[in-house]
Amino acid sequence: MAPQKDKQPGVLRSLDYWTILLYLLLLAGGWMSVCGASFDYGDPDLLSLSTRSGMQIVWIGTSIVLGFILLMLDDRFYDMFAYIVYGLLLLLLFATIFNTHTIKGSRSWLVLGPVRLQPAEFAKFATALAVAKFMTIYNYDIHKWKHFGITLAIILLPMLFIVLQRETGSALVYLAFFLVFYREGMPGSILFTAVAMVIYFVIGIRFAEVPLGATPTSVGKFTVLLLIQIFSASMVWVYCRDRRDSLRLIAFCVGITILALLFSFFVIPFDIVWVQLVLAALLIGYLLWQGLGTRIRNYYWIALFALGSMIFFNLADYGLNHVLQDHQRNRINVLLGLKQDLKGAGYNVHQSEIAIGSGGLEGKGFLNGTQTKLKYVPEQDTDFIFCTVGEEEGFIGSAGVLVLFWLLILRLIHLAERQPYRFGRVYGYCVLSIFLFHVFINVGMVLGLTPVIGIPLPFFSYGGSSLWGFTFLLFIFLRIDAGRNLVRS
């Protein structure tokens, strides 16, 4: 019997039409939101190319055509040319750094006549392909520093180029790839370390100037140093399997801290942070000594975690005040409640909250939003478009949009888990991680829950680059999934 041809009969039959349906529903909701955000009562027809709603129809139509073309390509094309596509996008990102066109302080746009393209949006799918390709090499092991380091380099290189374009928000999206690493076996300690750093930064900066009672101790420094000691001691239990030693370390650190606190309250007020620094140094020394005595390397890693936490904590304030740009620092200060600045850095968020709140339960209706019609919210048809959903469609409409995104994420997880090859699974998780990051951060910044970093809401924000970029991400994965049952001869 002749071997079966390397052909997928009926690719369109193997497609996941539930995901395509969600894609079309999100496109429709996005177009309605762009209409509501950009429409003025004196404007011509909504479909006129002189309006943003009319141009968005063009972007939607071209996106659907692009999606169809991506589905018609052989699924092995994406595996075979992953590095080439990645290299070409890197060159494009590098060239964009020297772009003379500056739009809103950023050099991330290429202006080709009437068309403006943002290469950073397309670099996401190229990076996802390259990561998936490298993680499928023979004998790949994420626990090997060489393999993990190269994978990190694949992600950090486009991040660096995008930062040099003064587009920090788009660069931060690449942090979503760490969720992929965690799925593929990255130690949970790395993810925990990242979360701990965020906690240190938020608490340390937010309460840096708040005194602890009548003492000259900073609540921020006191809390962070105590957390470092508790986290480090708890890791002895988790990673060294020594519960008794862990509890003893926690009792020692917390006990001495309480005694110092009582002494400062009732005897002589002094800065308890100095006592905590000594405790942290003793803890690190003890961990190193235990490592030498037991030859268990995890003690060294825990000691490194404690030392790194202290270094990060002491550099956080310097980074905020001397490394970040003024507008970035102001946004973080507003988010942490250190300043109001309703006419400056906090203006966008404040106006978007007013717009969303004014929508109530059912909203004001399509094209009837007052805040959006009067243009109170800057970037209301791009980065802050979710406030238009809240004002015109109300809580019910906003919840409906979030449910659609939630269903899309769940569907992508299902598709990724059913892939027979690691390449498809890794790429699938890259796609869902990027979508999850965009939705979480964009909606969060509109509601004042996350920093304003200027990233679009997938399929909703106006513009061709982001819409094409998300379409590339999604439809490449759909094509890879459609070939999962292909019999190779």
# chains A, B, ... in the order shown; residues from 1 in each chain; ligands from 1
$ select_by_dssp --residues "region 4-138 of chain A" --states "alpha helix (DSSP H)" --output "ChimeraX atom specification"
/A:11-14,17-38,52-72,75-80,82-97,119-134
$ residues_around --residues "Phe477 (chain A)" --least-positions-apart "4" --cutoff "9 Å" --atoms "only C-alpha atoms" --output "PyMOL selection string"
chain A and resi 415-416+424+427-428+431+472-473+481-482
$ residues_around --residues "Met197 (chain A)" --least-positions-apart "6" --cutoff "9 Å" --atoms "only C-alpha atoms" --output "list in words"
Ser309, Phe312 and Phe313 of chain A
$ residues_around --residues "region 363-376 of chain A" --least-positions-apart "6" --cutoff "10 Å" --atoms "only C-alpha atoms" --output "PyMOL selection string"
chain A and resi 32-41+347-348+351-352+354-357+385+387-398
$ write_last_selection --atoms "N, CA, C and O atoms" --output "compact mmCIF listing (two decimals), in the first residue's frame"
# COMPACT_ATOMS: atom_id res chain seq x y z
N MET A 32 -17.76 48.76 16.94
CA MET A 32 -18.78 49.59 17.58
C MET A 32 -18.16 50.54 18.59
O MET A 32 -18.59 51.70 18.72
N SER A 33 -17.15 50.07 19.30
CA SER A 33 -16.50 50.91 20.30
C SER A 33 -15.72 52.04 19.64
O SER A 33 -15.71 53.18 20.14
N VAL A 34 -15.04 51.75 18.53
CA VAL A 34 -14.33 52.80 17.80
C VAL A 34 -15.32 53.83 17.28
O VAL A 34 -15.05 55.05 17.33
N CYS A 35 -16.48 53.38 16.80
CA CYS A 35 -17.53 54.32 16.37
C CYS A 35 -17.94 55.24 17.51
O CYS A 35 -18.02 56.46 17.35
N GLY A 36 -18.21 54.63 18.67
CA GLY A 36 -18.64 55.43 19.81
C GLY A 36 -17.59 56.39 20.30
O GLY A 36 -17.90 57.50 20.74
N ALA A 37 -16.31 55.99 20.21
CA ALA A 37 -15.23 56.83 20.73
C ALA A 37 -14.86 57.96 19.78
O ALA A 37 -14.39 59.01 20.22
N SER A 38 -15.06 57.77 18.48
CA SER A 38 -14.58 58.76 17.51
C SER A 38 -15.69 59.54 16.82
O SER A 38 -15.42 60.53 16.14
N PHE A 39 -16.94 59.13 16.99
CA PHE A 39 -18.03 59.74 16.25
C PHE A 39 -18.43 61.09 16.83
O PHE A 39 -18.54 61.26 18.04
N ASP A 40 -18.63 62.07 15.94
CA ASP A 40 -19.20 63.36 16.29
C ASP A 40 -20.48 63.52 15.48
O ASP A 40 -20.58 63.04 14.35
N TYR A 41 -21.43 64.24 16.07
CA TYR A 41 -22.73 64.36 15.40
C TYR A 41 -22.65 65.10 14.08
O TYR A 41 -23.53 64.99 13.24
N TYR A 347 -4.85 62.45 34.91
CA TYR A 347 -6.04 62.96 34.21
C TYR A 347 -6.74 61.87 33.40
O TYR A 347 -7.96 61.71 33.47
N ASN A 348 -5.97 61.11 32.60
CA ASN A 348 -6.57 60.08 31.75
C ASN A 348 -7.39 59.08 32.55
O ASN A 348 -8.54 58.76 32.21
N GLN A 351 -10.61 60.63 34.16
CA GLN A 351 -11.69 60.84 33.20
C GLN A 351 -12.28 59.52 32.72
O GLN A 351 -13.49 59.41 32.49
N SER A 352 -11.44 58.50 32.57
CA SER A 352 -11.97 57.19 32.14
C SER A 352 -12.84 56.58 33.23
O SER A 352 -13.86 55.95 32.93
N ILE A 354 -14.65 58.30 35.34
CA ILE A 354 -15.91 59.05 35.28
C ILE A 354 -16.78 58.51 34.14
O ILE A 354 -17.99 58.30 34.31
N ALA A 355 -16.15 58.26 32.98
CA ALA A 355 -16.91 57.77 31.83
C ALA A 355 -17.52 56.40 32.12
O ALA A 355 -18.70 56.16 31.83
N ILE A 356 -16.73 55.51 32.69
CA ILE A 356 -17.24 54.17 32.99
C ILE A 356 -18.33 54.23 34.05
O ILE A 356 -19.38 53.58 33.92
N GLY A 357 -18.12 55.04 35.08
CA GLY A 357 -19.12 55.16 36.14
C GLY A 357 -20.43 55.75 35.64
O GLY A 357 -21.51 55.38 36.10
N ILE A 385 -9.95 52.74 25.12
CA ILE A 385 -11.23 52.49 24.46
C ILE A 385 -12.21 51.75 25.36
O ILE A 385 -13.42 51.80 25.15
N CYS A 387 -13.17 52.50 28.20
CA CYS A 387 -14.07 53.43 28.88
C CYS A 387 -15.28 53.73 28.00
O CYS A 387 -16.38 54.01 28.52
N THR A 388 -15.12 53.67 26.67
CA THR A 388 -16.26 53.84 25.76
C THR A 388 -17.24 52.69 25.92
O THR A 388 -18.46 52.90 25.91
N VAL A 389 -16.72 51.48 26.06
CA VAL A 389 -17.58 50.32 26.31
C VAL A 389 -18.37 50.52 27.60
O VAL A 389 -19.58 50.28 27.66
N GLY A 390 -17.69 50.97 28.64
CA GLY A 390 -18.36 51.16 29.93
C GLY A 390 -19.42 52.23 29.89
O GLY A 390 -20.48 52.08 30.50
N GLU A 391 -19.17 53.32 29.16
CA GLU A 391 -20.14 54.42 29.13
C GLU A 391 -21.34 54.08 28.26
O GLU A 391 -22.49 54.34 28.65
N GLU A 392 -21.11 53.50 27.10
CA GLU A 392 -22.22 53.26 26.18
C GLU A 392 -22.95 51.95 26.45
O GLU A 392 -24.16 51.87 26.25
N GLU A 393 -22.24 50.93 26.90
CA GLU A 393 -22.86 49.62 27.12
C GLU A 393 -23.04 49.29 28.60
O GLU A 393 -23.67 48.27 28.92
N GLY A 394 -22.49 50.12 29.49
CA GLY A 394 -22.70 49.93 30.91
C GLY A 394 -21.97 48.72 31.47
O GLY A 394 -21.12 48.10 30.82
N PHE A 395 -22.34 48.38 32.71
CA PHE A 395 -21.70 47.24 33.37
C PHE A 395 -21.98 45.94 32.62
O PHE A 395 -21.10 45.09 32.48
N ILE A 396 -23.19 45.79 32.10
CA ILE A 396 -23.56 44.57 31.40
C ILE A 396 -22.70 44.39 30.14
O ILE A 396 -22.16 43.31 29.88
N GLY A 397 -22.56 45.46 29.36
CA GLY A 397 -21.74 45.38 28.15
C GLY A 397 -20.27 45.15 28.46
O GLY A 397 -19.60 44.36 27.78
N SER A 398 -19.75 45.84 29.49
CA SER A 398 -18.35 45.67 29.87
C SER A 398 -18.09 44.24 30.32
O SER A 398 -17.07 43.63 29.95
$ closest_residue --among "A:Gly360, A:Gly400, A:Pro378, A:Gly188" --to "Val446 (chain A)" --atoms "only C-alpha atoms"
A:Pro378
$ residues_around --residues "Leu288 (chain A)" --least-positions-apart "2" --cutoff "9 Å" --atoms "only C-alpha atoms" --output "PyMOL selection string"
chain A and resi 283-286+290-293+299-300+302-303
$ write_last_selection --atoms "N, CA and C atoms" --output "PDB file, in the first residue's frame"
ATOM      1  N   LEU A 283      20.915  36.082  58.840  1.00  0.00           N
ATOM      2  CA  LEU A 283      20.154  35.048  58.149  1.00  0.00           C
ATOM      3  C   LEU A 283      20.907  34.555  56.911  1.00  0.00           C
ATOM      4  N   ILE A 284      21.450  35.496  56.149  1.00  0.00           N
ATOM      5  CA  ILE A 284      22.212  35.121  54.956  1.00  0.00           C
ATOM      6  C   ILE A 284      23.451  34.309  55.344  1.00  0.00           C
ATOM      7  N   GLY A 285      24.131  34.769  56.393  1.00  0.00           N
ATOM      8  CA  GLY A 285      25.299  34.031  56.868  1.00  0.00           C
ATOM      9  C   GLY A 285      24.949  32.626  57.319  1.00  0.00           C
ATOM     10  N   TYR A 286      23.842  32.499  58.010  1.00  0.00           N
ATOM     11  CA  TYR A 286      23.403  31.175  58.477  1.00  0.00           C
ATOM     12  C   TYR A 286      23.069  30.256  57.302  1.00  0.00           C
ATOM     13  N   GLN A 290      24.840  26.739  56.493  1.00  0.00           N
ATOM     14  CA  GLN A 290      24.078  25.505  56.333  1.00  0.00           C
ATOM     15  C   GLN A 290      24.381  24.837  54.992  1.00  0.00           C
ATOM     16  N   GLY A 291      24.551  25.652  53.973  1.00  0.00           N
ATOM     17  CA  GLY A 291      24.890  25.100  52.673  1.00  0.00           C
ATOM     18  C   GLY A 291      26.228  24.390  52.684  1.00  0.00           C
ATOM     19  N   LEU A 292      27.206  24.984  53.365  1.00  0.00           N
ATOM     20  CA  LEU A 292      28.516  24.350  53.468  1.00  0.00           C
ATOM     21  C   LEU A 292      28.447  23.069  54.288  1.00  0.00           C
ATOM     22  N   GLY A 293      27.626  23.102  55.349  1.00  0.00           N
ATOM     23  CA  GLY A 293      27.557  21.943  56.238  1.00  0.00           C
ATOM     24  C   GLY A 293      26.770  20.782  55.667  1.00  0.00           C
ATOM     25  N   TYR A 299      20.324  25.972  49.803  1.00  0.00           N
ATOM     26  CA  TYR A 299      20.622  26.994  50.818  1.00  0.00           C
ATOM     27  C   TYR A 299      21.327  28.189  50.177  1.00  0.00           C
ATOM     28  N   TYR A 300      22.214  27.915  49.221  1.00  0.00           N
ATOM     29  CA  TYR A 300      22.912  29.011  48.545  1.00  0.00           C
ATOM     30  C   TYR A 300      21.933  29.854  47.722  1.00  0.00           C
ATOM     31  N   ILE A 302      18.747  30.242  48.295  1.00  0.00           N
ATOM     32  CA  ILE A 302      17.902  31.029  49.210  1.00  0.00           C
ATOM     33  C   ILE A 302      18.676  32.230  49.734  1.00  0.00           C
ATOM     34  N   ALA A 303      19.963  32.018  50.041  1.00  0.00           N
ATOM     35  CA  ALA A 303      20.799  33.141  50.491  1.00  0.00           C
ATOM     36  C   ALA A 303      20.914  34.196  49.393  1.00  0.00           C
TER      37      ALA A 303
END
$ atom_distance --atom1 "CA of Val131 (chain A)" --atom2 "CA of Thr151 (chain A)"
6.4 Å
$ closest_residue --among "A:Phe207, A:Tyr83, A:Phe68, A:Phe125" --to "Gly469 (chain A)" --atoms "only C-alpha atoms"
A:Phe125
$ atom_distance --atom1 "CA of Thr168 (chain A)" --atom2 "CA of Leu112 (chain A)"
23.1 Å
$ closest_residue --among "A:Ala126, A:Ile230, A:Val180, A:Val173" --to "Phe81 (chain A)" --atoms "only C-alpha atoms"
A:Ala126
$ residues_around --residues "Pro211 (chain A)" --least-positions-apart "3" --cutoff "12 Å" --atoms "only C-alpha atoms" --output "list in words"
Arg206, Phe207, Ala208, Ala214, Thr215, Pro216, Thr217, Ser218, Val219, Gly220, Lys221, Phe222, Thr223, Pro269, Phe270, Asp271, Ile272 and Val273 of chain A
$ atom_distance --atom1 "CA of Trp109 (chain A)" --atom2 "CA of Leu46 (chain A)"
26.6 Å
$ closest_residue --among "A:Phe122, A:Phe470, A:Phe435, A:Phe161" --to "Trp406 (chain A)" --atoms "only C-alpha atoms"
A:Phe435
$ closest_residue --among "A:Tyr421, A:Trp289, A:Phe252, A:Trp301" --to "Tyr239 (chain A)" --atoms "only C-alpha atoms"
A:Trp301
$ closest_residue --among "A:Phe177, A:Asp317, A:Ile409, A:Ser189" --to "Val238 (chain A)" --atoms "only C-alpha atoms"
A:Ser189
$ select_by_dssp --residues "region 50-167 of chain A" --states "strand (DSSP E)" --output "ChimeraX atom specification"
/A:110-112,115-117
$ write_last_selection --atoms "all heavy atoms" --output "compact mmCIF listing (two decimals), in the first residue's frame"
# COMPACT_ATOMS: atom_id res chain seq x y z
N LEU A 110 6.86 53.47 11.65
CA LEU A 110 7.40 53.69 10.31
C LEU A 110 6.32 54.35 9.46
O LEU A 110 5.21 53.83 9.34
CB LEU A 110 7.81 52.36 9.67
CG LEU A 110 9.05 51.67 10.25
CD1 LEU A 110 9.30 50.36 9.53
CD2 LEU A 110 10.28 52.57 10.13
N VAL A 111 6.62 55.50 8.91
CA VAL A 111 5.65 56.26 8.11
C VAL A 111 5.93 56.01 6.64
O VAL A 111 6.99 56.39 6.12
CB VAL A 111 5.71 57.75 8.44
CG1 VAL A 111 4.69 58.52 7.61
CG2 VAL A 111 5.47 57.99 9.93
N LEU A 112 5.00 55.34 5.97
CA LEU A 112 5.12 55.04 4.55
C LEU A 112 3.99 55.75 3.81
O LEU A 112 2.92 55.17 3.56
CB LEU A 112 5.05 53.52 4.31
CG LEU A 112 6.02 52.67 5.15
CD1 LEU A 112 5.73 51.20 4.98
CD2 LEU A 112 7.46 52.99 4.75
N VAL A 115 0.36 55.65 5.25
CA VAL A 115 0.27 54.47 6.12
C VAL A 115 1.34 54.54 7.20
O VAL A 115 2.50 54.85 6.92
CB VAL A 115 0.43 53.17 5.30
CG1 VAL A 115 0.34 51.95 6.22
CG2 VAL A 115 -0.64 53.09 4.22
N ARG A 116 0.94 54.24 8.44
CA ARG A 116 1.87 54.17 9.56
C ARG A 116 1.83 52.76 10.14
O ARG A 116 0.76 52.25 10.45
CB ARG A 116 1.51 55.19 10.64
CG ARG A 116 1.59 56.63 10.19
CD ARG A 116 1.39 57.60 11.34
NE ARG A 116 0.12 57.38 12.03
CZ ARG A 116 -0.31 58.09 13.06
NH1 ARG A 116 0.44 59.08 13.53
NH2 ARG A 116 -1.47 57.83 13.62
N LEU A 117 2.99 52.16 10.28
CA LEU A 117 3.10 50.81 10.81
C LEU A 117 4.00 50.81 12.05
O LEU A 117 4.99 51.55 12.10
CB LEU A 117 3.66 49.85 9.77
CG LEU A 117 2.79 49.58 8.53
CD1 LEU A 117 3.54 48.69 7.56
CD2 LEU A 117 1.47 48.94 8.93
